[in-house]
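With mmCIF, C-alpha atoms inside, this is target.cif:
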```
data_upload
#
loop_
_atom_site.label_atom_id
_atom_site.label_comp_id
_atom_site.auth_asym_id
_atom_site.auth_seq_id
_atom_site.Cartn_x
_atom_site.Cartn_y
_atom_site.Cartn_z
CA MET A 913 -43.07 -62.63 122.94
CA GLY A 914 -45.49 -59.81 122.14
CA GLN A 915 -46.26 -58.79 118.57
CA SER A 916 -44.55 -55.41 118.85
CA ASN A 917 -41.46 -56.80 120.58
CA LEU A 918 -41.15 -59.60 118.03
CA GLU A 919 -41.55 -57.23 115.11
CA GLU A 920 -38.98 -54.78 116.48
CA ARG A 921 -36.45 -57.53 117.12
CA LEU A 922 -36.88 -59.20 113.74
CA ILE A 923 -36.64 -55.89 111.89
CA ALA A 924 -33.30 -55.19 113.59
CA ILE A 925 -32.04 -58.67 112.69
CA ARG A 926 -33.18 -58.40 109.09
CA ARG A 927 -31.61 -54.96 108.65
CA HIS A 928 -28.28 -56.24 109.93
CA PHE A 929 -28.27 -59.03 107.36
CA HIS A 930 -29.37 -56.56 104.69
CA GLN A 931 -26.40 -54.28 105.36
CA TYR A 932 -23.88 -57.12 105.19
CA PRO A 933 -24.94 -59.40 102.32
CA GLU A 934 -22.78 -62.37 101.35
CA LEU A 935 -22.90 -64.29 98.07
CA SER A 936 -23.54 -68.00 97.67
CA GLY A 937 -20.83 -70.06 99.33
CA GLU A 938 -19.41 -67.01 101.08
CA GLU A 939 -21.94 -66.71 103.92
CA PHE A 940 -19.37 -67.05 106.72
CA GLU A 941 -20.26 -63.92 108.72
CA THR A 942 -23.96 -64.49 108.11
CA THR A 943 -23.59 -67.99 109.55
CA LYS A 944 -21.71 -66.66 112.60
CA THR A 945 -24.45 -64.12 113.26
CA ILE A 946 -27.22 -66.71 112.98
CA ARG A 947 -25.31 -69.01 115.34
CA SER A 948 -24.87 -66.21 117.87
CA LEU A 949 -28.54 -65.20 117.78
CA LEU A 950 -29.70 -68.79 118.26
CA GLU A 951 -27.19 -69.60 121.00
CA GLN A 952 -28.18 -66.47 122.92
CA ALA A 953 -31.74 -67.82 122.92
CA GLY A 954 -30.60 -71.25 124.10
CA ILE A 955 -31.42 -73.00 120.85
CA PRO A 956 -29.08 -75.99 120.21
CA ILE A 957 -26.95 -76.00 117.05
CA LEU A 958 -26.33 -79.35 115.38
CA GLU A 959 -22.91 -80.52 114.29
CA THR A 960 -22.48 -80.13 110.54
CA SER A 961 -20.03 -80.58 107.71
CA LEU A 962 -21.45 -77.52 105.97
CA GLN A 963 -18.87 -74.78 105.43
CA THR A 964 -21.57 -72.10 105.46
CA GLY A 965 -25.10 -72.25 106.73
CA LEU A 966 -26.14 -74.13 109.84
CA VAL A 967 -28.84 -76.37 111.28
CA ALA A 968 -30.42 -76.07 114.71
CA GLN A 969 -32.98 -78.23 116.46
CA MET A 970 -35.20 -78.15 119.51
CA SER A 971 -37.20 -81.00 121.00
CA GLY A 972 -40.18 -81.19 123.30
CA LYS A 973 -41.52 -84.14 125.20
CA LYS A 974 -39.96 -86.53 122.71
CA GLN A 975 -37.52 -86.53 119.80
CA ASP A 976 -39.81 -87.82 117.05
CA PRO A 977 -41.25 -86.88 114.69
CA ILE A 978 -38.89 -84.30 113.22
CA ILE A 979 -40.31 -81.45 111.14
CA ALA A 980 -37.95 -79.13 109.25
CA LEU A 981 -38.28 -75.42 108.55
CA ARG A 982 -35.95 -73.93 105.95
CA ALA A 983 -34.68 -70.46 105.01
CA ASP A 984 -32.04 -69.49 102.45
CA ILE A 985 -29.33 -67.04 103.54
CA ASP A 986 -27.34 -65.91 100.47
CA ALA A 987 -27.43 -62.61 98.57
CA LEU A 988 -26.94 -61.55 94.94
CA PRO A 989 -24.17 -59.80 92.97
CA ILE A 990 -26.28 -56.65 92.49
CA GLN A 991 -25.50 -53.03 93.33
CA GLU A 992 -28.27 -51.75 95.59
CA GLU A 993 -30.28 -48.73 94.42
CA THR A 994 -32.73 -48.12 97.27
CA ASP A 995 -31.24 -45.23 99.31
CA LEU A 996 -32.45 -46.98 102.47
CA PRO A 997 -30.64 -45.99 105.69
CA TYR A 998 -29.77 -49.67 106.13
CA ALA A 999 -28.80 -50.27 102.49
CA SER A 1000 -26.02 -52.73 101.69
CA LYS A 1001 -22.59 -51.62 102.85
CA ILE A 1002 -20.90 -54.09 100.50
CA PRO A 1003 -20.42 -52.69 96.96
CA GLY A 1004 -21.92 -54.89 94.28
CA LYS A 1005 -23.76 -57.18 96.71
CA MET A 1006 -27.39 -56.98 97.79
CA HIS A 1007 -30.21 -58.96 99.33
CA ALA A 1008 -32.34 -58.30 96.25
CA CYS A 1009 -34.38 -61.48 96.67
CA GLY A 1010 -35.29 -61.10 100.32
CA HIS A 1011 -33.26 -63.94 101.78
CA ASP A 1012 -32.48 -61.61 104.69
CA PHE A 1013 -36.25 -61.57 105.31
CA HIS A 1014 -36.44 -65.38 105.16
CA THR A 1015 -33.51 -65.75 107.57
CA ALA A 1016 -34.95 -63.29 110.08
CA ALA A 1017 -38.37 -64.96 109.85
CA LEU A 1018 -36.91 -68.40 110.61
CA ILE A 1019 -34.96 -67.00 113.56
CA GLY A 1020 -38.25 -65.50 114.74
CA ALA A 1021 -39.98 -68.87 114.41
CA ALA A 1022 -37.22 -70.42 116.53
CA TYR A 1023 -37.71 -67.73 119.19
CA LEU A 1024 -41.47 -68.37 119.26
CA LEU A 1025 -41.12 -72.13 119.48
CA LYS A 1026 -38.52 -71.79 122.23
CA GLU A 1027 -41.21 -70.21 124.41
CA GLU A 1028 -43.24 -73.44 124.28
CA GLU A 1029 -40.42 -75.93 123.70
CA GLU A 1030 -41.52 -78.32 126.45
CA GLU A 1031 -44.97 -78.65 124.87
CA LEU A 1032 -43.72 -79.63 121.41
CA ASN A 1033 -44.87 -83.06 120.23
CA GLY A 1034 -41.49 -83.88 118.70
CA SER A 1035 -38.57 -81.94 117.24
CA VAL A 1036 -38.32 -78.93 114.95
CA ARG A 1037 -35.21 -78.63 112.81
CA PHE A 1038 -34.20 -75.17 111.56
CA ILE A 1039 -32.26 -75.29 108.28
CA PHE A 1040 -30.42 -72.09 107.35
CA GLN A 1041 -29.38 -73.06 103.85
CA PRO A 1042 -26.51 -71.52 101.84
CA SER A 1043 -26.15 -71.18 98.07
CA GLU A 1044 -29.75 -71.08 96.88
CA GLU A 1045 -29.07 -68.45 94.23
CA ILE A 1046 -26.49 -70.50 92.35
CA GLY A 1047 -28.05 -73.85 93.21
CA GLY A 1048 -26.48 -76.74 95.05
CA GLY A 1049 -27.22 -75.53 98.57
CA ALA A 1050 -30.05 -77.96 99.20
CA GLU A 1051 -27.95 -80.85 97.91
CA LYS A 1052 -25.20 -79.88 100.37
CA VAL A 1053 -27.67 -79.89 103.25
CA ILE A 1054 -28.90 -83.34 102.25
CA ALA A 1055 -25.35 -84.67 101.75
CA ALA A 1056 -24.52 -83.46 105.27
CA GLY A 1057 -27.31 -85.70 106.58
CA HIS A 1058 -29.66 -82.99 107.78
CA LEU A 1059 -32.77 -84.41 106.11
CA GLU A 1060 -32.38 -87.82 107.76
CA ASN A 1061 -35.45 -88.87 109.77
CA VAL A 1062 -37.28 -85.66 108.84
CA LYS A 1063 -40.96 -86.34 108.12
CA ALA A 1064 -41.84 -83.12 106.27
CA ILE A 1065 -40.37 -79.73 105.43
CA PHE A 1066 -41.89 -76.25 105.18
CA GLY A 1067 -40.57 -73.01 103.73
CA LEU A 1068 -41.62 -69.66 102.36
CA HIS A 1069 -40.62 -66.92 99.94
CA ASN A 1070 -41.53 -63.27 100.12
CA LYS A 1071 -43.92 -62.12 97.37
CA PRO A 1072 -43.65 -58.40 96.54
CA SER A 1073 -46.85 -58.38 94.46
CA PHE A 1074 -48.96 -59.63 97.39
CA PRO A 1075 -49.95 -57.20 100.15
CA VAL A 1076 -48.90 -57.80 103.74
CA GLY A 1077 -51.41 -60.17 105.31
CA THR A 1078 -51.89 -62.22 102.14
CA ILE A 1079 -50.36 -65.66 101.68
CA GLY A 1080 -50.22 -67.64 98.44
CA ILE A 1081 -50.67 -71.39 98.85
CA LYS A 1082 -51.32 -74.06 96.25
CA SER A 1083 -50.89 -77.79 95.98
CA GLY A 1084 -48.86 -79.18 93.08
CA PRO A 1085 -46.52 -77.09 90.90
CA LEU A 1086 -45.67 -73.66 92.33
CA MET A 1087 -42.26 -72.82 90.83
CA ALA A 1088 -40.47 -74.13 87.75
CA SER A 1089 -37.43 -76.31 87.18
CA VAL A 1090 -34.24 -74.39 86.41
CA ASP A 1091 -31.87 -75.69 83.75
CA ARG A 1092 -28.98 -73.92 82.03
CA PHE A 1093 -27.66 -74.49 78.54
CA ILE A 1094 -24.63 -73.38 76.56
CA ILE A 1095 -24.50 -73.54 72.77
CA GLU A 1096 -21.28 -73.00 70.87
CA VAL A 1097 -21.50 -72.34 67.14
CA GLU A 1098 -18.42 -72.82 64.99
CA GLY A 1099 -18.15 -71.46 61.48
CA VAL A 1100 -15.22 -70.17 59.44
CA GLY A 1101 -13.91 -66.71 60.20
CA THR A 1102 -13.38 -64.21 57.42
CA HIS A 1103 -13.16 -60.51 56.59
CA ALA A 1104 -16.54 -58.84 56.93
CA ALA A 1105 -16.14 -57.51 53.36
CA VAL A 1106 -15.97 -61.03 51.90
CA PRO A 1107 -18.46 -63.14 53.89
CA HIS A 1108 -18.68 -65.70 51.08
CA ALA A 1109 -15.12 -66.74 51.92
CA GLY A 1110 -16.17 -68.06 55.35
CA ILE A 1111 -19.16 -69.45 57.22
CA ASP A 1112 -20.85 -66.71 59.22
CA SER A 1113 -21.23 -68.02 62.77
CA ILE A 1114 -23.24 -64.95 63.81
CA VAL A 1115 -25.88 -65.58 61.13
CA VAL A 1116 -26.07 -69.24 62.16
CA ALA A 1117 -26.40 -68.31 65.83
CA SER A 1118 -29.11 -65.78 65.00
CA HIS A 1119 -31.16 -68.44 63.20
CA ILE A 1120 -30.71 -70.74 66.20
CA VAL A 1121 -31.99 -68.11 68.64
CA ILE A 1122 -35.15 -67.61 66.59
CA ALA A 1123 -35.67 -71.32 65.96
CA LEU A 1124 -35.41 -72.16 69.66
CA GLN A 1125 -38.59 -70.18 70.27
CA THR A 1126 -40.55 -72.61 68.11
CA ILE A 1127 -40.01 -75.37 70.66
CA VAL A 1128 -42.53 -73.85 73.04
CA SER A 1129 -44.87 -72.55 70.33
CA ARG A 1130 -44.81 -75.55 67.97
CA GLN A 1131 -43.18 -78.64 69.47
CA LEU A 1132 -44.80 -78.63 72.90
CA SER A 1133 -48.49 -78.72 73.68
CA SER A 1134 -50.05 -75.39 74.58
CA PHE A 1135 -50.85 -77.01 77.94
CA ASP A 1136 -47.16 -77.67 78.64
CA ASN A 1137 -45.98 -74.42 80.18
CA ALA A 1138 -42.31 -73.77 79.50
CA VAL A 1139 -39.89 -70.94 78.84
CA ILE A 1140 -36.69 -71.02 76.75
CA SER A 1141 -34.59 -67.86 76.96
CA VAL A 1142 -31.23 -67.05 75.44
CA ALA A 1143 -29.79 -64.51 77.85
CA HIS A 1144 -26.11 -64.26 76.87
CA ILE A 1145 -24.50 -63.96 73.43
CA SER A 1146 -20.80 -63.41 72.89
CA ALA A 1147 -18.94 -63.25 69.57
CA GLY A 1148 -16.07 -61.45 67.89
CA ASN A 1149 -13.94 -58.53 69.04
CA THR A 1150 -14.00 -55.99 66.24
CA TRP A 1151 -16.27 -54.42 63.62
CA ASN A 1152 -14.85 -55.79 60.37
CA VAL A 1153 -14.10 -59.45 61.08
CA ILE A 1154 -16.71 -62.23 61.07
CA PRO A 1155 -15.71 -64.44 64.00
CA ARG A 1156 -15.22 -68.18 63.85
CA THR A 1157 -17.28 -68.91 66.97
CA VAL A 1158 -20.34 -67.65 68.81
CA PHE A 1159 -21.22 -68.43 72.43
CA LEU A 1160 -24.90 -68.63 73.46
CA GLU A 1161 -26.15 -69.17 76.99
CA GLY A 1162 -29.61 -69.35 78.47
CA THR A 1163 -32.15 -71.08 80.65
CA VAL A 1164 -35.10 -73.44 80.35
CA ARG A 1165 -38.00 -73.46 82.79
CA ALA A 1166 -40.78 -76.06 83.03
CA PHE A 1167 -43.33 -77.40 85.51
CA SER A 1168 -43.44 -81.08 84.55
CA ALA A 1169 -40.69 -83.68 84.44
CA GLU A 1170 -41.95 -84.93 81.07
CA THR A 1171 -41.75 -81.50 79.43
CA ARG A 1172 -38.37 -80.84 81.03
CA GLU A 1173 -36.99 -84.09 79.61
CA LYS A 1174 -38.16 -83.32 76.05
CA ILE A 1175 -36.62 -79.86 75.70
CA PRO A 1176 -32.88 -80.65 75.50
CA LYS A 1177 -33.61 -83.17 72.75
CA PHE A 1178 -35.51 -80.53 70.79
CA ILE A 1179 -32.70 -78.01 71.30
CA GLN A 1180 -30.15 -80.50 70.01
CA GLN A 1181 -32.24 -81.21 66.91
CA ILE A 1182 -32.57 -77.51 66.12
CA ILE A 1183 -28.95 -76.50 66.57
CA THR A 1184 -27.69 -79.50 64.59
CA GLY A 1185 -30.16 -78.88 61.77
CA VAL A 1186 -29.57 -75.14 61.54
CA ALA A 1187 -25.79 -75.53 61.71
CA ASN A 1188 -25.77 -78.27 59.06
CA ALA A 1189 -27.91 -76.16 56.74
CA HIS A 1190 -25.21 -73.47 56.80
CA GLY A 1191 -22.17 -75.75 56.79
CA ALA A 1192 -21.35 -74.91 60.42
CA GLN A 1193 -21.16 -76.94 63.61
CA ALA A 1194 -22.99 -76.48 66.90
CA THR A 1195 -22.59 -78.19 70.26
CA LEU A 1196 -24.88 -78.21 73.31
CA ARG A 1197 -23.91 -78.36 76.97
CA TRP A 1198 -26.84 -79.03 79.31
CA MET A 1199 -26.56 -78.22 83.03
CA PRO A 1200 -29.61 -79.38 84.98
CA GLY A 1201 -30.62 -77.42 88.05
CA PRO A 1202 -33.39 -77.80 90.64
CA PRO A 1203 -36.60 -79.61 89.66
CA PRO A 1204 -40.01 -77.90 89.94
CA VAL A 1205 -41.37 -76.99 93.35
CA LEU A 1206 -44.21 -79.49 93.76
CA ASN A 1207 -46.21 -79.00 96.95
CA GLU A 1208 -47.44 -82.21 98.58
CA GLU A 1209 -51.19 -82.24 99.18
CA LYS A 1210 -51.32 -83.06 102.92
CA ALA A 1211 -48.51 -80.65 103.81
CA THR A 1212 -50.24 -77.95 101.78
CA GLU A 1213 -53.53 -78.57 103.61
CA LEU A 1214 -51.66 -77.92 106.86
CA SER A 1215 -50.29 -74.70 105.39
CA VAL A 1216 -53.80 -73.52 104.52
CA GLN A 1217 -55.17 -74.46 107.95
CA THR A 1218 -52.31 -72.59 109.65
CA ALA A 1219 -52.75 -69.46 107.53
CA GLU A 1220 -56.50 -69.39 108.16
CA GLN A 1221 -55.90 -69.90 111.88
CA LEU A 1222 -53.64 -66.83 111.84
CA GLY A 1223 -56.30 -64.79 110.03
CA LEU A 1224 -54.31 -64.40 106.81
CA ASN A 1225 -55.90 -63.86 103.41
CA VAL A 1226 -55.25 -67.15 101.62
CA VAL A 1227 -55.09 -66.99 97.82
CA GLU A 1228 -54.05 -69.47 95.17
CA PRO A 1229 -51.01 -67.96 93.41
CA THR A 1230 -50.19 -68.20 89.74
CA PRO A 1231 -47.24 -70.59 89.41
CA SER A 1232 -43.95 -68.76 88.94
CA MET A 1233 -41.36 -69.55 86.26
CA ALA A 1234 -38.70 -68.62 88.81
CA GLY A 1235 -36.94 -71.56 90.42
CA GLU A 1236 -36.17 -72.62 93.98
CA ASP A 1237 -33.97 -75.44 95.23
CA PHE A 1238 -36.47 -76.09 98.02
CA ALA A 1239 -37.71 -78.48 95.33
CA VAL A 1240 -34.72 -80.73 96.00
CA TYR A 1241 -35.99 -81.43 99.51
CA GLN A 1242 -39.43 -82.23 98.12
CA LYS A 1243 -37.91 -85.00 96.01
CA LYS A 1244 -37.04 -86.72 99.29
CA ILE A 1245 -39.87 -85.90 101.70
CA PRO A 1246 -43.30 -84.18 101.69
CA GLY A 1247 -43.05 -80.41 101.68
CA SER A 1248 -44.99 -77.20 101.30
CA PHE A 1249 -43.61 -73.89 100.04
CA VAL A 1250 -45.70 -70.70 100.24
CA PHE A 1251 -45.58 -67.06 99.15
CA ILE A 1252 -45.80 -64.45 101.94
CA GLY A 1253 -47.06 -61.02 100.88
CA THR A 1254 -44.59 -58.19 101.48
CA SER A 1255 -46.11 -55.22 99.56
CA GLY A 1256 -42.87 -54.69 97.65
CA THR A 1257 -42.08 -51.98 95.13
CA HIS A 1258 -40.13 -54.20 92.73
CA GLU A 1259 -39.89 -57.86 91.89
CA TRP A 1260 -37.09 -60.22 92.95
CA HIS A 1261 -33.54 -59.45 91.77
CA HIS A 1262 -34.24 -55.77 91.04
CA PRO A 1263 -31.61 -53.32 92.40
CA ALA A 1264 -34.37 -51.27 94.01
CA PHE A 1265 -36.08 -54.30 95.58
CA THR A 1266 -37.74 -53.50 98.93
CA LEU A 1267 -40.31 -55.09 101.20
CA ASP A 1268 -42.64 -54.13 104.03
CA GLU A 1269 -41.08 -55.36 107.27
CA ARG A 1270 -44.47 -55.66 108.95
CA ALA A 1271 -44.62 -59.03 107.22
CA LEU A 1272 -41.75 -60.38 109.35
CA PRO A 1273 -43.72 -61.41 112.46
CA ILE A 1274 -46.43 -62.83 110.19
CA ALA A 1275 -43.89 -65.05 108.45
CA ALA A 1276 -42.31 -66.08 111.75
CA ARG A 1277 -45.65 -67.00 113.32
CA TYR A 1278 -46.70 -68.92 110.21
CA LEU A 1279 -43.53 -71.03 110.30
CA ALA A 1280 -43.82 -71.70 114.02
CA GLU A 1281 -47.49 -72.65 113.85
CA VAL A 1282 -47.21 -74.84 110.76
CA ALA A 1283 -44.37 -76.75 112.43
CA LYS A 1284 -46.51 -77.39 115.52
CA LYS A 1285 -49.40 -78.55 113.38
CA ALA A 1286 -47.15 -80.82 111.32
CA LEU A 1287 -45.71 -82.44 114.45
CA LYS A 1288 -49.20 -83.70 115.25
CA HIS A 1289 -49.92 -84.84 111.70
CA PHE A 1290 -46.70 -86.53 110.56
CA LYS A 1291 -46.04 -89.38 112.96
#
```

This structure in structure tokens:
Amino acid sequence: MGQSNLEERLIAIRRHFHQYPELSGEEFETTKTIRSLLEQAGIPILETSLQTGLVAQMSGKKQDPIIALRADIDALPIQEETDLPYASKIPGKMHACGHDFHTAALIGAAYLLKEEEEELNGSVRFIFQPSEEIGGGAEKVIAAGHLENVKAIFGLHNKPSFPVGTIGIKSGPLMASVDRFIIEVEGVGTHAAVPHAGIDSIVVASHIVIALQTIVSRQLSSFDNAVISVAHISAGNTWNVIPRTVFLEGTVRAFSAETREKIPKFIQQIITGVANAHGAQATLRWMPGPPPVLNEEKATELSVQTAEQLGLNVVEPTPSMAGEDFAVYQKKIPGSFVFIGTSGTHEWHHPAFTLDERALPIAARYLAEVAKKALKHFK
């Protein structure tokens, strides 16, 4: 397939997905469209227990080894603000993270590999994964058995801050772990005019928010990169009553398992100490998410070789505190995850997020070529 024909076709596919975004776990029409596009190209779809998302596979001269390529397919609950002619037609839903780009690129890789299917030295498995944005999608794919016998896995994410033609590749940590916490502070409610008659849960919660920031600055080494953010506070319902309870919610990001393991213990110490000092109570609920994206060395070397072969500008990216459940696959098998430059105007999850579609055939060719290279390497 020629460069211009491939680009034109992938742009049309990506724009369709962009106009009809579906949230995590709701990707039914997206899945149907992917299935139709692959079946029209004669690409076999595997049986699956997944309710949304699908897995396809093609084989060459032999079945083994199996190399997997993965794209996420879900959108975000964001109202689009781009004024594009192909902007989202679904109010309050948008592909503001570029998963429509990832999906189209993987379909493009499947089209390219189909052209030389008989020459493949094994099998390539195409994983169109649901529910990346809320987490759990990768676990569902694994539970459905789609990582069995796979030797290595490769994936990519668009990078708005990189120009088209640039690819960010690094071995080791690339993206952070993603954990969620909820803290509930309980005091004694009272009239705002007589605060001494109660225990002010808002004051206690405020001290907790400030104290949590000392974990990174004072309890962890300056070499242990981490972020602790309180992003949601809820308390009370009127202006002259001090409420009994305050709800705090936030996230923790880290690059190492050791640092990640320490932080909930530190949070518990702080909220217990601050609450006790004021005569209040505080409880912590910890909800672990994906681990850090840790790129395996050999798989990453193949990524670099492939990018250089395609004439891309290879740079070493700064690790991102954003998370990605591609990391869940890497806990099981070697994997490499890269950043593809898309010359965007805004970062991920912004309502005016856009990307340069000229990056689509680049991403598709990268995925196809790295799969071919990996088939020769991972026996």

The PyMOL selection byres ((chain A and resi 996) around 12) - which residues does that actually catch in the file I just gave you? List them as a PyMOL selection string. chain A and resi 927+930-931+992-995+997-1001+1263-1267

Return as a VMD selection string the set of residues that the PyMOL selection byres ((chain A and resi 1102) around 10) yields on the displayed structure. chain A and resid 1099 to 1101 1103 to 1112 1152 to 1156

Target residues per the PyMOL selection byres ((chain A and resi 1175) around 12), formatted as a PyMOL selection string: chain A and resi 1091-1093+1124-1128+1131-1132+1136-1140+1163-1166+1168-1174+1176-1182+1198+1200

Report as a VMD selection string all protein, DNA and RNA residues lying within 12 Å of Ile1079 (chain A), evaluated on only C-alpha atoms, omitting residues in the same chain fewer than 5 positions from it. chain A and resid 1068 to 1074 1215 to 1220 1222 to 1229 1249 to 1255 1271 1274 to 1275 1278

Neighbours of Lys1005 (chain A) within 8 Å (only C-alpha atoms; same-chain residues fewer than 3 positions away dropped), as a list in words? Pro933, Glu934, Leu935, Ala987, Leu988, Pro989, Ile990, Gln991, Glu992, Ser1000 and Ile1002 of chain A

One decimal place gives the CA of Gly1084 (chain A)-CA of Gly1201 (chain A) separation as 19.0 Å

Show me, as a list in words, the residues that have an atom within 8 Å of Asp976 (chain A) when counting all atoms listed in the file, minus same-chain residues fewer than 5 positions from it.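 Once the adjacent positions are removed, what remains is Asn1033, Gly1034, Ser1035 and Lys1291 of chain A.
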
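If all atoms listed in the file are the atoms counted, then among A:Pro1075, A:Glu1031, A:Glu1236, A:Ser1113 the closest residue to Gln1193 (chain A) is A:Ser1113.
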